[in-house]
Structure formats: structure tokens, C-alpha cells
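A.B. asks: Can you read through this structure? Questions will come right after.
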Amino acid sequence: MTHQRTALHRRTLLKTAAATAVGAQLVLPGRAQAAAKAGTDPVLDSIIDCAAWAARPAKVPVVLSPGTTQKIVVHHTNFPNTTDLSRERAIALAHEIQDLHLDTRGFDDTGQHFTVSRGGYILEGRHRSLETLRGGTEQVIGAHAVSENRRGIGIESEGVYVTESPTQELFDSVAKLCLIICRQYRLGPHQIFGHWDFAATLCPGAAYYPMFPVLRRKVAKELGTDLADVPERTWPNIMSGSNGTVVATMQFLLRSRGYTLTPDGGFGPISIAAVRDFQTKQGLPAATGGEVSNATWERLIVPLDANSTGDPVTGLQKMLQERGHTGVTQTGVFTTPTDMAVRASQRLHGLPETGQVDTATWCAVVGGIVREEFTTTP
């Protein structure tokens with residue numbers, strides 16, 4: 001498949017002085033920002049809040065985290081893919097999720113901040129999430145992704161998307177919600193992730209996740225994002241509390257560097273100590289919680305090609321398997337199915353289809369976002 005490379009639409013007044021910094025945030029024009037915060041934004045005004053869907057009271061008052069929002073984390077609910085796209089179904093969904101979270105999982109309230117139904121209705125999840133979104137300076141601490149509850153806005157998408165794609169109504173509303181979250185919290189489209197980028201889960205689903213580059217491009221277009229505002233690479237900044245395949249891949253890479261640990265996907269004390277030691281030896285700040293920052297990932301990865309073997313290849317293969325490339329097995333040898341999966345990942349993210357795993361390809365495979373994703377139309 002070929003790609004047509006096109007520059008993102010430039011819309012003035014959105015460009016920030018910190019455009020090329022890793023994790024750069026976008027600045028919304030003052031008039032638009034003021035309008036949104038005044039509650040005149042049509043997306044904000046369309047959100048069905050907790051009072052409107054008659055949510056149960058939270059067990060305890062919600063806790064706010066000021067100024068820490070770094071990303072959006074998109075989920076699927078793992079509920080059946082209903083054909084009922086009505087508002088009534090959306091409200092019933094909100095009740096089902098809250099009941100599950102309060103009565104079965106023992107949460108204080110609905111875990112996620114917002115829910116999007118298959119009919120495209122957007123609902124407030126955890127109490128005060130809409131209020132704080134309007135303000136754009138605080139976020140409610142959620143219970144949707146262990147390491148991201150203080151620094152990520154959680155969106156639940158109704159349905160299960162391991163083999164089936166979401167409805168167009170749902171996808172369009174998720175894009176609209178991501179847009180308003182980016183505007184209110186001054187985030188960029190490169191800060192939209194999936195749940196499995198930080199946790200051991202099949203969420204948001206192998207059929208949904210490949211749509212994320214399109215989701216990010218839709219948000220970028222509406223924001224008027226200039227290409228210079230998108231960092232070259234944005235890696236998933238996993239840390240203590242994160243778990244799953246992305247952590248296991250990091251552990252395989254550390255083990256290839258001589259550290260003795262088991263790639264079990266758990267970010268425990270041994271892994272934290274190894275990350276901190278690696279950071280110190282590389283002249284990087286040693287993160288208290290072992291946070292694997294952009295700079296740490298870039299020093300940690302090992303370039304791979306068809307002749308590569310060992311732990312880095314096994315980590316790559318584990319990641320590709322988890323992303324739905326069923327022909328890949330964990331052999332530690334760069335097999336033909338591995339090459340095909342790498343090329344498919346490169347194609348999805350707008351990278352040259354070389355089959356070689358360079359820094360940008362590693363970033364895309366482990367769940368990061370590369371600038372090329374925003375300059376390519378499949």
C-alpha cells in the first residue's frame with residue numbers, strides 16, 4: 001500500500017513556542033478557550049451529566065488532582081456490542097457501569113471520567129468530571145488505569161472491539177470528546193493512548209486500536225495542529241503501577257543490557273531499581289518511581305533487522321502478538337512473520353516499510369506516537 005504524504009493544515013493562533021518539546025502542549029486561541037470554559041461549546045453542552053442520567057451518589061467525595069493531566073486513555077467497556085443506539089440505552093449503560101464499579105469492583109464511583117455509547121452519546125462517568133473539564137485546570141482522580149488515574153482522562157467506549165470495529169457514531173463522538181479534552185487541558189493529539197499502552201489488558205481491542213492514528217489525525221485537523229507542534233516521538237511513559245506487555249518488553253530490553261530480571265510484565269521493585277540504575281549510567285535523571293521517559297526509551301531500545309536474535313527480538317514479538325499479529329510467535333529469532341508484522345506496523349503509522357526496527361518503529365510498536373503518523377493518509 002502506498003501513502004500520500006500531506007502537510008497538516010496550518011491554523012494560526014494555535015502554535016506554541018514549545019512546539020518541538022517532547023510532550024509539548026497546544027494553546028487554544030483565547031476567544032475559543034473562553035467560550036469553551038463558559039459552557040458554550042456544543043460538545044461540552046451535549047454531554048449527559050451525572051444528574052441527567054440519575055447517577056447514584058459516590059461513596060466518598062471525589063478527589064481532584066490539579067494541573068497534572070498529561071494524556072487521554074481510551075478504553076472499551078467489554079460489554080456486548082448492542083444494536084440499540086438510543087439515548088435510553090446510553091443512560092442504561094451508565095447505570096450498568098456504575099453498578100458494576102460500585103457493587104462488584106468496590107470503587108468509590110464510576111471509574112472512568114466519560115463514557116461514549118455505541119449510538120454516539122457522551123455521558124459523564126465519575127462525578128465532577130464534566131465540571132473540571134469545563135475548568136481545564138484540575139481533573140478528577142479516576143479509577144480506569146492504575147498508573148494513569150491522576151494524570152490521564154479515561155474514556156470508556158461501549159462494546160468489545162477485539163475482532164469488531166466500533167460504530168461510526170461512537171468513533172465520531174470519541175473524536176469530538178478527545179478534541180474538547182485536548183482544548184480544555186491544552187493537550188496535543190499525540191497524547192491520546194489506549195489502555196493497553198499501560199496495563200495488562202485486551203482493552204481497547206485489537207480491532208479498535210489500529211483506528212487510533214485516524215482518531216489522532218481527526219483531532220489534529222480540528223485543533224489546527226501544525227506539524228511542528230507534534231514531537232518527533234512520544235513514548236508511553238510507563239512507571240510503577242503500570243503492567244502488561246509494554247512493561248515486559250521494557251524488561252526484555254533491560255535484560256539484554258545485562259540486568260537480571262524476569263520479563264513478567266510487573267513493574268515491581270526489581271524493575272524500578274534496574275530502570276533507575278540504567279538511567280544513572282546513561283546520565284539521565286533517576287526517576288523515583290522508575291518512570292520510563294522518552295529519553296530512557298531512546299537509550300534503551302536496540303535496533304533490529306532480519307539477522308537479529310535474543311531478548312530484544314522476543315520483546316518485540318511479544319508486543320506484536322499483543323497488538324493482534326497472530327502469525328508472530330516468541331522465538332527470539334527475527335522470522336518472516338515478524339518481518340511482516342513490523343512492516344504492517346510501519347505502514348499503519350506512516351513509517352517507511354523497511355522491516356528494520358529503528359527508533360521510530362520501536363516507538364510505534366510499543367504504543368508510542370510518531371510524527372509521521374500525522375503526515376500520512378492511508
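By order of appearance in the C-alpha cells: chains A, B, ..., then residues from 1 within every chain, and ligands from 1 in the order shown.
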Determine which residues of range 210-329 of chain A receive a DSSP assignment of strand (DSSP E or B), computed from the backbone, and state them as a ChimeraX atom specification.
C.D. replies: /A:233-234,240,242-243,266,304,309
A.B. asks: Mind checking which residues fall within 10 Å of Ile369 in chain A, counting only C-alpha atoms, ignoring those fewer than 2 positions away in the same chain, and posting them as a list in words?
C.D. replies: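 With the cut-off at 10 Å, the set is Pro189, His190, Gln191, Ile192, Phe193, Phe212, Pro213, Arg216, Val230, Pro231, Glu232, Arg233, Thr234, Trp235, Pro236, His349, Ala360, Thr361, Cys363, Ala364, Val365, Val366, Gly367, Arg371, Glu372, Glu373 and Phe374 of chain A.
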A.B. asks: Report, in Å to a single decimal, how far apart CA of Phe267 in chain A and CA of His113 in chain A are.
C.D. replies: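 According to the coordinates, CA of His113 in chain A and CA of Phe267 in chain A are separated by 25.1 Å.
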A.B. asks: Hey, which of A:Arg128, A:Arg299, A:Lys176, A:His101 ends up closest to Lys218 in chain A? Count only C-alpha atoms.
C.D. replies: A:Lys176
A.B. asks: If you measure from CA of Thr69 in chain A to CA of Asp99 in chain A, what distance in Å do you get, rounded to one decimal?
C.D. replies: 26.7 Å
A.B. asks: Identify all residues of range 150-277 of chain A in alpha helix (DSSP H) (DSSP on the backbone) and supply them as a PyMOL selection string.
C.D. replies: chain A and resi 168-185+212-223+245-256+269-277
A.B. asks: I'd like to know which of A:Arg323, A:Gly125, A:Ala287, A:Tyr259 is closest to Ala274 in chain A, using only C-alpha atoms.
C.D. replies: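 Of A:Arg323, A:Gly125, A:Ala287, A:Tyr259, the one nearest Ala274 in chain A, counting only C-alpha atoms, is A:Tyr259.
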A.B. asks: Please list as an NGL selection string every residue within 8 Å of Thr201 in chain A, counting only C-alpha atoms and excluding residues in the same chain fewer than 3 positions away.
C.D. replies: :A and (195-196 or 244)
A.B. asks: Could you turn the residues from that selection into a file that holds N, CA and C atoms, as a PDB file, in the first residue's frame?
C.D. replies:
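selection_39.pdb written:
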ATOM      1  N   HIS A 195      -5.684   1.927  26.605  1.00  0.00           N
ATOM      2  CA  HIS A 195      -5.479   1.360  27.932  1.00  0.00           C
ATOM      3  C   HIS A 195      -4.301   0.389  27.953  1.00  0.00           C
ATOM      4  N   TRP A 196      -4.170  -0.449  26.921  1.00  0.00           N
ATOM      5  CA  TRP A 196      -3.121  -1.473  26.970  1.00  0.00           C
ATOM      6  C   TRP A 196      -1.718  -0.911  26.773  1.00  0.00           C
ATOM      7  N   GLY A 244       1.838  -5.237  32.223  1.00  0.00           N
ATOM      8  CA  GLY A 244       1.453  -5.756  30.934  1.00  0.00           C
ATOM      9  C   GLY A 244       2.584  -5.884  29.945  1.00  0.00           C
TER      10      GLY A 244
END
A.B. asks: In Å, with one decimal, what is the gap from CA of Thr309 in chain A to CA of Thr338 in chain A?
C.D. replies: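 Result for CA of Thr309 in chain A versus CA of Thr338 in chain A: 11.7 Å, one decimal.
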A.B. asks: Give me the residues near Asp108 in chain A as a PyMOL selection string, where near means some atom within 9 Å (using only C-alpha atoms) and where sequence neighbours in that chain fewer than 4 positions away do not count.
C.D. replies: chain A and resi 58-62+101-102+143
A.B. asks: What are the closest atom pairs, with distances in Å to one decimal, for all residues of range 236-324 of chain A lying within 10 Å of range 148-170 of chain A? Consider only C-alpha atoms, order rows by chain and residue number, and present the result as a tab-separated table.
C.D. replies:
residue	atom	partner	partner_atom	distance
A:Asn237	CA	A:Glu148	CA	9.9
A:Ile238	CA	A:Glu148	CA	9.1
A:Met239	CA	A:Glu148	CA	9.5
A:Gly241	CA	A:Glu148	CA	8.6
A:Ser242	CA	A:Glu148	CA	8.3
A:Gly324	CA	A:Val162	CA	8.6
A.B. asks: Which polymer residues have any atom within 10 Å of an atom of Pro66 in chain A, counting only C-alpha atoms, with same-chain residues fewer than 2 positions away left out, as a list in words?
C.D. replies: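 The contact residues come out as Val63, Leu64, Thr68, Thr69, Thr132, Gly136, Thr137, Glu138, Gln139, Val140, Ile141, Arg150 and Arg151 of chain A.
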A.B. asks: In terms of the shortest atom-to-atom distance over only C-alpha atoms, which of A:Gly142, A:Gly350, A:Gly332, A:Gly224 is closest to Leu304 in chain A?
C.D. replies: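 The shortest atom-to-atom distance to Leu304 in chain A comes from A:Gly332.
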A.B. asks: Would you write out, as a tab-separated table, a table of all residues in range 75-96 of chain A that have an atom no more than 10 Å from an atom of range 119-122 of chain A, listing for each the closest atom pair and the distance in Å to one decimal, considering only C-alpha atoms and ordering rows by chain and rising residue number?
C.D. replies:
residue	atom	partner	partner_atom	distance
A:Thr82	CA	A:Gly119	CA	9.5
A:Thr83	CA	A:Gly119	CA	8.6
A:Asp84	CA	A:Gly119	CA	7.4
A:Leu85	CA	A:Gly119	CA	3.9
A:Ser86	CA	A:Gly119	CA	6.0
A:Arg87	CA	A:Tyr121	CA	6.7
A:Glu88	CA	A:Tyr121	CA	9.9
A:Arg89	CA	A:Gly119	CA	8.4
A:Ala90	CA	A:Tyr121	CA	6.4
A:Ile91	CA	A:Tyr121	CA	8.9
A:Ala94	CA	A:Ile122	CA	10.0
A.B. asks: Counting only C-alpha atoms, figure out which residue out of A:Leu93, A:Thr314, A:Val219, A:Arg105 gets nearest to Pro80 in chain A.
C.D. replies: A:Leu93
A.B. asks: Which of these, A:Gly355, A:Pro312, A:Gly368, A:Pro269, has the shortest distance to Arg255 in chain A once you count only C-alpha atoms?
C.D. replies: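 Once distances to Arg255 in chain A are computed over only C-alpha atoms, the minimum belongs to A:Pro312.
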A.B. asks: For a quick check of understanding, using only C-alpha atoms, which of A:Met340, A:Leu300, A:Val333, A:Met250 has the smallest distance to Met319 in chain A?
C.D. replies: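 Nearest to Met319 in chain A: A:Met250.
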A.B. asks: So that I can check the surroundings of Phe252 in chain A, please list as a list in words every protein, DNA and RNA residue that reaches within 10 Å of it, counting only C-alpha atoms and ignoring chain neighbours fewer than 2 positions away.
C.D. replies: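 Final neighbour list, sorted by chain and number: Val246, Val247, Ala248, Thr249, Met250, Leu254, Arg255, Ser256, Arg257, Tyr259, Thr260, Leu261, Thr262, Pro263, Asp264, Gly265, Ile301, Gly310, Asp311, Pro312, Val313, Thr314, Gly315, Leu316 and Lys318 of chain A.
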